[in-house]
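Colleague: This is the content of model.cif (mmCIF, C-alpha atoms):
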data_run
#
loop_
_atom_site.label_atom_id
_atom_site.label_comp_id
_atom_site.auth_asym_id
_atom_site.auth_seq_id
_atom_site.Cartn_x
_atom_site.Cartn_y
_atom_site.Cartn_z
CA MET A 272 30.29 62.87 3.97
CA SER A 273 27.19 62.58 6.08
CA THR A 274 26.07 65.23 8.53
CA PRO A 275 24.16 64.89 11.81
CA THR A 276 20.97 65.87 9.99
CA GLY A 277 21.28 63.46 7.07
CA PRO A 278 23.46 62.51 4.13
CA ALA A 279 25.82 65.00 2.58
CA PRO A 280 24.63 66.85 -0.53
CA GLY A 281 25.08 64.89 -3.69
CA LEU A 282 24.86 61.46 -2.08
CA PRO A 283 22.00 59.21 -3.18
CA VAL A 284 19.13 58.85 -0.76
CA ARG A 285 17.07 55.68 -0.71
CA MET A 286 13.44 56.65 -0.83
CA PRO A 287 10.47 54.38 -0.06
CA ARG A 288 9.25 52.58 -3.14
CA PRO A 289 5.86 53.98 -4.18
CA ARG A 290 2.96 51.58 -3.94
CA GLN A 291 2.40 50.06 -7.34
CA SER A 292 -1.04 50.27 -8.84
CA GLY A 293 -2.80 48.78 -11.80
CA ARG A 294 -2.64 45.33 -13.32
CA HIS A 295 0.96 44.65 -12.26
CA ARG A 296 0.45 45.47 -8.62
CA ARG A 297 1.86 42.83 -6.30
CA PRO A 298 -0.71 40.61 -4.58
CA GLU A 299 -1.50 41.40 -0.96
CA THR A 300 -1.26 38.67 1.65
CA VAL A 301 -4.54 37.77 3.34
CA ALA A 302 -4.66 36.13 6.76
CA ALA A 303 -7.03 33.33 7.68
CA PRO A 304 -10.04 34.76 9.54
CA GLN A 305 -10.65 33.92 13.17
CA GLY A 306 -12.62 30.70 13.48
CA ALA A 307 -11.44 29.36 10.12
CA PRO A 308 -11.34 25.54 9.96
CA THR A 309 -8.12 23.79 10.88
CA LEU A 310 -6.21 22.28 7.96
CA VAL A 311 -5.45 18.65 8.85
CA LEU A 312 -2.87 16.85 6.71
CA ALA A 313 -3.86 13.19 6.90
CA VAL A 314 -0.72 11.06 6.73
CA PRO A 315 -1.28 7.46 5.60
CA GLY A 316 1.08 4.58 6.27
CA ALA A 317 3.04 3.61 9.33
CA PRO A 318 3.94 6.56 11.59
CA SER A 319 7.62 7.45 11.73
CA ALA A 320 9.89 10.35 12.59
CA ALA A 321 10.52 10.91 8.87
CA ALA A 322 6.79 11.00 8.10
CA ARG A 323 6.20 13.42 10.98
CA SER A 324 9.01 15.70 9.81
CA LEU A 325 7.68 15.70 6.25
CA ALA A 326 4.11 16.49 7.34
CA ASP A 327 5.27 19.25 9.69
CA GLU A 328 7.28 20.83 6.86
CA LEU A 329 4.28 20.76 4.55
CA ALA A 330 2.07 22.25 7.28
CA SER A 331 4.61 25.04 7.70
CA MET A 332 4.47 25.72 3.96
CA THR A 333 0.69 26.15 4.08
CA ARG A 334 0.94 28.52 7.04
CA SER A 335 3.49 30.65 5.21
CA GLU A 336 1.07 30.94 2.27
CA LEU A 337 -1.90 31.77 4.52
CA PRO A 338 -0.85 33.50 7.76
CA GLY A 339 -3.02 32.69 10.74
CA LEU A 340 -3.96 29.28 9.38
CA GLU A 341 -4.15 26.45 11.89
CA ALA A 342 -2.42 23.58 10.09
CA THR A 343 -1.31 20.31 11.62
CA ALA A 344 -0.48 16.70 10.80
CA ALA A 345 -2.58 13.69 11.77
CA PHE A 346 -1.86 10.00 11.23
CA LEU A 347 -4.20 7.37 9.91
CA GLU A 348 -2.36 4.71 11.91
CA GLY A 349 -1.33 6.96 14.79
CA ASP A 350 -2.32 7.05 18.43
CA ASP A 351 -3.38 9.78 20.82
CA ALA A 352 -0.64 9.19 23.37
CA GLU A 353 0.29 11.95 25.77
CA ASP A 354 3.50 12.79 23.91
CA GLY A 355 1.41 13.78 20.88
CA ALA A 356 4.00 12.51 18.41
CA TYR A 357 1.56 10.75 16.09
CA PRO A 358 -1.98 12.02 16.78
CA THR A 359 -4.84 10.31 14.98
CA VAL A 360 -7.03 11.96 12.36
CA GLY A 361 -10.10 11.64 14.58
CA GLY A 362 -8.29 13.00 17.62
CA VAL A 363 -6.98 16.06 15.78
CA VAL A 364 -10.40 16.84 14.28
CA ALA A 365 -12.08 16.54 17.69
CA ARG A 366 -9.51 18.85 19.29
CA ALA A 367 -9.89 21.37 16.46
CA ALA A 368 -13.65 21.52 17.06
CA ALA A 369 -13.20 21.85 20.83
CA LEU A 370 -10.64 24.61 20.43
CA ARG A 371 -12.87 26.57 18.06
CA ASP A 372 -15.81 26.34 20.48
CA GLU A 373 -13.60 27.35 23.41
CA ARG A 374 -12.32 30.44 21.58
CA TYR A 375 -15.87 31.42 20.70
CA GLU A 376 -17.02 31.18 24.32
CA LEU A 377 -14.02 33.17 25.55
CA ALA A 378 -14.74 35.88 22.97
CA LYS A 379 -18.35 36.11 24.16
CA VAL A 380 -17.26 36.36 27.79
CA ALA A 381 -14.91 39.18 26.78
CA GLY A 382 -17.85 41.04 25.24
CA ARG A 383 -16.63 40.73 21.67
CA ASP A 384 -19.16 40.54 18.87
CA VAL A 385 -18.12 37.38 17.06
CA PRO A 386 -20.19 35.15 14.80
CA GLU A 387 -21.16 31.72 16.06
CA PRO A 388 -18.97 28.98 14.54
CA GLU A 389 -20.52 27.25 11.56
CA GLY A 390 -19.35 24.92 8.85
CA PRO A 391 -16.62 22.30 9.30
CA ALA A 392 -14.25 22.59 12.23
CA ALA A 393 -11.53 20.98 10.12
CA VAL A 394 -10.67 20.36 6.50
CA VAL A 395 -8.83 17.06 6.12
CA VAL A 396 -6.50 16.78 3.13
CA PRO A 397 -5.19 13.27 2.37
CA LEU A 398 -1.44 13.37 1.66
CA LEU A 399 -1.85 11.27 -1.47
CA ALA A 400 -0.71 12.22 -4.96
CA GLY A 401 -3.29 9.91 -6.53
CA PRO A 402 -6.49 8.12 -5.52
CA ASP A 403 -6.38 5.15 -3.19
CA GLU A 404 -9.95 4.15 -2.44
CA SER A 405 -9.08 2.07 0.61
CA LEU A 406 -6.95 4.74 2.29
CA VAL A 407 -9.34 7.60 1.51
CA ALA A 408 -12.27 5.59 2.90
CA ARG A 409 -10.36 5.01 6.12
CA ILE A 410 -9.51 8.72 6.39
CA ARG A 411 -13.19 9.63 5.94
CA GLU A 412 -14.19 7.05 8.55
CA ALA A 413 -11.63 8.42 11.02
CA ALA A 414 -12.82 12.00 10.51
CA ALA A 415 -16.46 10.98 10.90
CA GLY A 416 -15.63 9.05 14.07
CA SER A 417 -14.36 12.22 15.74
CA GLY A 418 -17.91 13.36 16.47
CA ALA A 419 -17.11 16.77 14.96
CA THR A 420 -17.96 18.25 11.59
CA ALA A 421 -15.10 17.84 9.11
CA GLU A 422 -14.71 17.94 5.36
CA VAL A 423 -12.39 15.44 3.67
CA THR A 424 -11.07 16.70 0.34
CA ASP A 425 -9.95 14.94 -2.81
CA VAL A 426 -6.35 13.78 -3.16
CA LEU A 427 -3.70 16.14 -4.53
CA GLY A 428 -3.47 14.99 -8.13
CA PRO A 429 -3.54 15.01 -11.04
CA HIS A 430 -2.00 18.46 -11.45
CA PRO A 431 0.72 20.15 -13.54
CA LEU A 432 2.59 21.02 -10.34
CA LEU A 433 3.05 17.30 -9.70
CA ALA A 434 4.63 16.91 -13.13
CA GLU A 435 7.02 19.71 -12.16
CA ALA A 436 7.82 17.97 -8.88
CA LEU A 437 8.49 14.66 -10.65
CA HIS A 438 10.78 16.42 -13.11
CA VAL A 439 12.76 17.99 -10.27
CA ARG A 440 13.12 14.68 -8.42
CA LEU A 441 14.37 12.99 -11.62
CA SER A 442 16.87 15.78 -12.26
CA GLU A 443 18.09 15.59 -8.65
CA ALA A 444 18.85 11.90 -9.23
CA GLY A 445 20.70 12.72 -12.46
CA LEU A 446 18.04 11.00 -14.55
CA SER A 447 16.87 14.00 -16.55
CA ARG A 448 17.96 17.49 -17.48
CA ALA A 449 16.78 20.18 -15.11
CA ASP A 450 15.84 22.40 -18.06
CA ARG A 451 15.16 21.31 -21.64
CA ALA A 452 16.31 24.71 -22.89
CA ARG A 453 19.87 24.14 -21.71
CA LEU A 454 22.23 22.93 -24.40
CA PHE A 455 23.87 20.11 -22.51
CA THR A 456 23.18 16.46 -22.02
CA VAL A 457 23.13 14.26 -18.95
CA ALA A 458 24.99 11.01 -19.53
CA THR A 459 22.64 9.10 -17.24
CA ALA A 460 19.43 10.71 -18.53
CA ALA A 461 16.60 8.23 -18.99
CA ASP A 462 14.86 7.80 -22.33
CA GLY A 463 11.82 6.13 -20.77
CA ILE A 464 10.06 6.79 -17.45
CA ILE A 465 7.99 4.38 -15.35
CA LEU A 466 5.59 6.44 -13.23
CA ALA A 467 5.00 4.26 -10.16
CA SER A 468 1.83 4.58 -8.06
CA VAL A 469 -0.11 2.64 -5.44
CA GLY A 470 -3.88 2.28 -5.24
CA GLY A 471 -4.75 -0.02 -8.13
CA GLN A 472 -5.93 0.79 -11.64
CA GLU A 473 -7.68 4.05 -10.73
CA ALA A 474 -4.38 5.35 -9.37
CA VAL A 475 -2.59 4.22 -12.53
CA GLN A 476 -5.08 6.04 -14.75
CA THR A 477 -4.75 9.23 -12.71
CA ALA A 478 -0.96 8.96 -12.71
CA GLY A 479 -1.15 8.60 -16.49
CA ILE A 480 -2.67 12.09 -16.76
CA THR A 481 0.26 13.61 -14.89
CA GLY A 482 2.53 11.31 -16.90
CA MET A 483 1.44 12.99 -20.14
CA LEU A 484 2.44 16.35 -18.67
CA LEU A 485 5.78 14.92 -17.56
CA ALA A 486 6.38 13.42 -21.02
CA ALA A 487 5.82 16.86 -22.55
CA ARG A 488 8.41 18.35 -20.19
CA LEU A 489 11.04 15.67 -20.80
CA ALA A 490 10.29 14.74 -24.43
CA VAL A 491 10.55 11.04 -23.53
CA PRO A 492 7.83 8.36 -23.18
CA VAL A 493 6.23 8.02 -19.74
CA MET A 494 4.04 5.09 -18.70
CA ALA A 495 2.30 4.52 -15.36
CA ALA A 496 2.43 1.26 -13.41
CA ALA A 497 1.05 0.04 -10.09
CA LEU A 498 3.66 -0.86 -7.51
CA ASP A 499 1.09 -2.90 -5.61
CA GLU A 500 0.14 -5.14 -8.57
CA GLU A 501 2.43 -8.09 -9.14
CA GLY A 502 4.28 -7.93 -12.44
CA ALA A 503 2.89 -4.51 -13.43
CA VAL A 504 6.22 -2.66 -13.24
CA SER A 505 8.15 -5.28 -15.20
CA ALA A 506 5.42 -5.36 -17.86
CA VAL A 507 5.58 -1.58 -18.35
CA ALA A 508 9.37 -1.69 -18.38
CA GLN A 509 9.24 -4.26 -21.19
CA GLN A 510 6.77 -2.12 -23.17
CA LEU A 511 9.11 0.86 -22.96
CA ARG A 512 12.10 -1.23 -24.02
CA ASP A 513 10.13 -2.73 -26.92
CA ALA A 514 9.34 0.85 -27.99
CA GLY A 515 13.07 1.64 -28.17
CA ALA A 516 13.89 2.98 -24.69
CA ALA A 517 17.34 1.78 -23.65
CA GLN A 518 17.74 3.51 -20.30
CA LEU A 519 14.74 3.52 -17.98
CA ALA A 520 14.07 5.37 -14.74
CA LEU A 521 11.38 4.89 -12.14
CA ALA A 522 9.65 8.01 -10.79
CA PRO A 523 7.47 7.44 -7.69
CA TYR A 524 4.14 9.23 -8.07
CA LEU A 525 3.94 9.21 -4.29
CA VAL A 526 4.34 11.70 -1.46
CA GLY A 527 6.21 9.04 0.53
CA PRO A 528 4.51 7.93 3.77
CA GLU A 529 1.89 5.89 1.87
CA LEU A 530 4.62 3.72 0.33
CA PRO A 531 4.91 0.32 2.05
CA GLU A 532 8.46 -0.46 3.16
CA GLY A 533 10.50 -2.37 0.59
CA LEU A 534 7.98 -2.00 -2.25
CA LEU A 535 9.97 0.61 -4.16
CA ASP A 536 13.25 -1.31 -3.86
CA ALA A 537 11.53 -4.43 -5.18
CA ALA A 538 10.14 -2.50 -8.15
CA VAL A 539 13.56 -1.07 -9.00
CA LYS A 540 15.03 -4.57 -9.09
CA GLU A 541 12.07 -5.81 -11.09
CA ALA A 542 12.49 -3.12 -13.74
CA ASP A 543 16.30 -3.18 -13.55
CA CYS A 544 16.59 0.60 -13.59
CA ALA A 545 17.48 3.60 -11.44
CA ALA A 546 14.87 5.50 -9.42
CA ALA A 547 14.18 9.01 -8.20
CA GLU A 548 13.05 9.86 -4.69
CA PRO A 549 9.33 10.21 -3.82
CA LEU A 550 7.83 13.70 -4.05
CA GLY A 551 8.25 14.33 -0.32
CA ALA A 552 8.14 17.91 0.96
CA TYR A 553 8.45 19.53 -2.45
CA PRO A 554 6.80 23.00 -2.26
CA ALA A 555 4.16 22.04 -4.84
CA ILE A 556 2.76 19.48 -2.39
CA GLY A 557 2.16 22.19 0.21
CA LYS A 558 0.56 24.46 -2.40
CA LEU A 559 -1.77 21.71 -3.58
CA ALA A 560 -2.79 20.86 -0.01
CA LEU A 561 -3.64 24.51 0.58
CA ALA A 562 -5.52 24.63 -2.73
CA ARG A 563 -7.74 21.77 -1.55
CA TYR A 564 -8.39 23.69 1.69
CA VAL A 565 -9.21 26.87 -0.22
CA ALA A 566 -11.65 25.02 -2.48
CA VAL A 567 -13.67 24.00 0.60
CA THR A 568 -13.44 27.19 2.67
CA GLY A 569 -13.36 29.86 -0.03
CA ILE A 570 -10.52 31.61 1.81
CA VAL A 571 -8.14 32.95 -0.83
CA PRO A 572 -4.53 33.34 0.36
CA GLN A 573 -3.80 36.32 -1.90
CA THR A 574 -5.89 38.93 -3.64
CA GLN A 575 -4.98 40.99 -6.63
CA GLU A 576 -6.59 44.11 -7.98
CA SER A 577 -8.57 43.79 -11.19
CA PRO A 578 -6.58 44.66 -14.33
CA ALA A 579 -6.63 48.30 -15.22
CA PRO A 580 -8.93 49.11 -18.17
#
Kindly return the structure encoded in the file as structure tokens.

Modeller:
Amino acid sequence: MSTPTGPAPGLPVRMPRPRQSGRHRRPETVAAPQGAPTLVLAVPGAPSAAARSLADELASMTRSELPGLEATAAFLEGDDAEDGAYPTVGGVVARAAALRDERYELAKVAGRDVPEPEGPAAVVVPLLAGPDESLVARIREAAAGSGATAEVTDVLGPHPLLAEALHVRLSEAGLSRADRARLFTVATAADGIILASVGGQEAVQTAGITGMLLAARLAVPVMAAALDEEGAVSAVAQQLRDAGAAQLALAPYLVGPELPEGLLDAAVKEADCAAAEPLGAYPAIGKLALARYVAVTGIVPQTQESPAP
């Protein structure tokens, strides 16, 4: 029985866990420094409530990984209306630069010793799994048209995390096992995967790199095809069937907003197979967006002590 001064003798007392040291010490979270560039997630395609929700969720993921980070969505085909629902890439970059300058001036007025802002005011990350020369060029043009200094990064892929995300989306649709180590089968599991991309042959080649990683995870053949090239999906589907695949599945190598309406449904009919959902707001997408930001800024979200000798 407890007493007014503490627990009764013999009862266990929870003590604070000692701080772990050495090579297995947990990483410490690092906040973004004041004046760090804004992370702008450039959303291609037609603006919509679904695209805005997805981009906001991904921005939230990056902020959770790097506290203090200014992260926001911007739309390649948006507008800078007063409601701010779908701000443009150029408008967001311009506001990021203005806000950074305003904070610097306020700090000087307050007598604080702060360094003058330098480097890009924003880092623009295209929300594209693979390269699309036309879309990336438009994103760069929009950022340059803001009148502010901004850095536009490479697209998110190829990367092993995208293979993981594709695997999860296929398993969610019942088209693959969630874990190869489990001793059970999925009746609807595909024995051939069409990895669908947009952006022409360069996008197909890049998707093929991630496709090799996905094939290793699933132990089934994976071939990439361009959704925006007539007949490409049906041709790849036939190649897989000729190689012995009886049950195909289509896996979109796409975040989602860049996918023109109706294109995926047409490809599914063309290939006569089931399909998984686009990558969407899978956590790996947020991590890869932040990784692109880190590569430009050098701000590392977490630090870890060097291994003990």

Colleague: For region 498-558 of chain A versus region 298-318 of chain A, which residues have an atom no more than 12 Å away, and what is each residue's nearest atom pair and distance in Å rounded to one decimal, using all atoms listed in the file, chain-then-number order, as a tab-separated table?

Modeller:
residue	atom	partner	partner_atom	distance
A:Leu525	CA	A:Pro315	CA	11.3
A:Val526	CA	A:Val314	CA	9.6
A:Gly527	CA	A:Gly316	CA	8.9
A:Pro528	CA	A:Gly316	CA	5.4
A:Glu529	CA	A:Gly316	CA	4.7
A:Leu530	CA	A:Gly316	CA	7.0
A:Pro531	CA	A:Gly316	CA	7.1
A:Glu532	CA	A:Ala317	CA	9.2
A:Gly551	CA	A:Val314	CA	11.9
A:Ile556	CA	A:Leu312	CA	11.0
A:Gly557	CA	A:Leu312	CA	9.8

Colleague: How many Å lie between CA of Ala378 (chain A) and CA of Ile570 (chain A), rounded to one decimal?

Modeller: 22.0 Å

Colleague: So, with only C-alpha atoms as the atoms that count, which of A:Glu473, A:Asp513, A:Asp403, A:Glu422 lies closest to Ala496 (chain A)?

Modeller: A:Glu473

Colleague: I'd like to see the residues matched by the PyMOL selection byres ((chain A and resi 518) around 9) on this file, and ideally I'd get them as a list in words.

Modeller: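 Against this file, the PyMOL selection byres ((chain A and resi 518) around 9) returns the residues Thr459, Ala460, Ala461, Asp462, Gly463, Ile464, Arg512, Ala516, Ala517, Leu519, Ala520, Cys544 and Ala545 of chain A.
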
Colleague: Which residue gives the smallest distance to Glu389 (chain A) among A:Ala419, A:Leu325, A:Ala320, A:Val493, with all atoms listed in the file counted?

Modeller: A:Ala419

Colleague: Output, as JSON, the centre and edge lengths in Å (one decimal) of the axis-aligned box that contains all listed atoms of region 420-439 of chain A with 8 Å of margin on each side.

Modeller:
{"center_x": -2.6, "center_y": 17.4, "center_z": -1.0, "size_x": 46.7, "size_y": 23.2, "size_z": 41.1}

Colleague: Quote the spacing between CA of Ala414 (chain A) and CA of Gly361 (chain A) in Å to one decimal place.

Modeller: 4.9 Å

Colleague: The PyMOL selection byres ((chain A and resi 476-491) around 7) - which residues does that actually catch in the file I just gave you? List them as a PyMOL selection string.

Modeller: chain A and resi 401+429-431+433-434+438+462-463+466+468+472-475+492-495+524

Colleague: For CA of Leu432 (chain A) and CA of Val407 (chain A), determine how far apart the two atoms are, in Å to one decimal place.

Modeller: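 These two atoms are separated by 21.5 Å.
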
Colleague: Please identify all polymer residues within 10 Å of Ser319 (chain A), counting only C-alpha atoms, omitting same-chain residues fewer than 5 positions from it, and present them as an MDAnalysis selection string.

Modeller: chainID A and resid 324:325 346 349 356:357 528

Colleague: Could you spell out the hits of the PyMOL selection byres ((chain A and resi 542) around 9) on the shown file, as JSON, numbers by chain?

Modeller: {"A": [465, 504, 505, 506, 507, 508, 509, 519, 520, 521, 537, 538, 539, 540, 541, 543, 544, 545]}

Colleague: For Val395 (chain A), please output as a PyMOL selection string all residues within 12 Å (counting all atoms listed in the file; exclusion window: fewer than 5 positions along the same chain).

Modeller: chain A and resi 308-314+341-347+359-361+363-364+367+407+410-415+420-427+560-561+563-565+567-568

Colleague: Write a file of the selected residues as a short mmCIF file (atom, residue, chain, number, x, y, z; two decimals), in the frame of the given file, keeping C-alpha atoms.

Modeller:
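Final file, part_31.cif:
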data_model
loop_
_atom_site.label_atom_id
_atom_site.label_comp_id
_atom_site.auth_asym_id
_atom_site.auth_seq_id
_atom_site.Cartn_x
_atom_site.Cartn_y
_atom_site.Cartn_z
CA PRO A 308 -11.34 25.54 9.96
CA THR A 309 -8.12 23.79 10.88
CA LEU A 310 -6.21 22.28 7.96
CA VAL A 311 -5.45 18.65 8.85
CA LEU A 312 -2.87 16.85 6.71
CA ALA A 313 -3.86 13.19 6.90
CA VAL A 314 -0.72 11.06 6.73
CA GLU A 341 -4.15 26.45 11.89
CA ALA A 342 -2.42 23.58 10.09
CA THR A 343 -1.31 20.31 11.62
CA ALA A 344 -0.48 16.70 10.80
CA ALA A 345 -2.58 13.69 11.77
CA PHE A 346 -1.86 10.00 11.23
CA LEU A 347 -4.20 7.37 9.91
CA THR A 359 -4.84 10.31 14.98
CA VAL A 360 -7.03 11.96 12.36
CA GLY A 361 -10.10 11.64 14.58
CA VAL A 363 -6.98 16.06 15.78
CA VAL A 364 -10.40 16.84 14.28
CA ALA A 367 -9.89 21.37 16.46
CA VAL A 407 -9.34 7.60 1.51
CA ILE A 410 -9.51 8.72 6.39
CA ARG A 411 -13.19 9.63 5.94
CA GLU A 412 -14.19 7.05 8.55
CA ALA A 413 -11.63 8.42 11.02
CA ALA A 414 -12.82 12.00 10.51
CA ALA A 415 -16.46 10.98 10.90
CA THR A 420 -17.96 18.25 11.59
CA ALA A 421 -15.10 17.84 9.11
CA GLU A 422 -14.71 17.94 5.36
CA VAL A 423 -12.39 15.44 3.67
CA THR A 424 -11.07 16.70 0.34
CA ASP A 425 -9.95 14.94 -2.81
CA VAL A 426 -6.35 13.78 -3.16
CA LEU A 427 -3.70 16.14 -4.53
CA ALA A 560 -2.79 20.86 -0.01
CA LEU A 561 -3.64 24.51 0.58
CA ARG A 563 -7.74 21.77 -1.55
CA TYR A 564 -8.39 23.69 1.69
CA VAL A 565 -9.21 26.87 -0.22
CA VAL A 567 -13.67 24.00 0.60
CA THR A 568 -13.44 27.19 2.67
#

Colleague: Which residue is closest to Val439 (chain A)? Choose from A:Leu559, A:Ala547, A:Leu511, A:Leu399 and count only C-alpha atoms.

Modeller: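 Smallest distance to Val439 (chain A) is found for A:Ala547.
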
Colleague: With distances taken over all atoms listed in the file, which of A:Gly569, A:Glu328, A:Ala514, A:Asp499 is nearest to Gly390 (chain A)?

Modeller: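 Comparing A:Gly569, A:Glu328, A:Ala514, A:Asp499 against Gly390 (chain A), the winner is A:Gly569.
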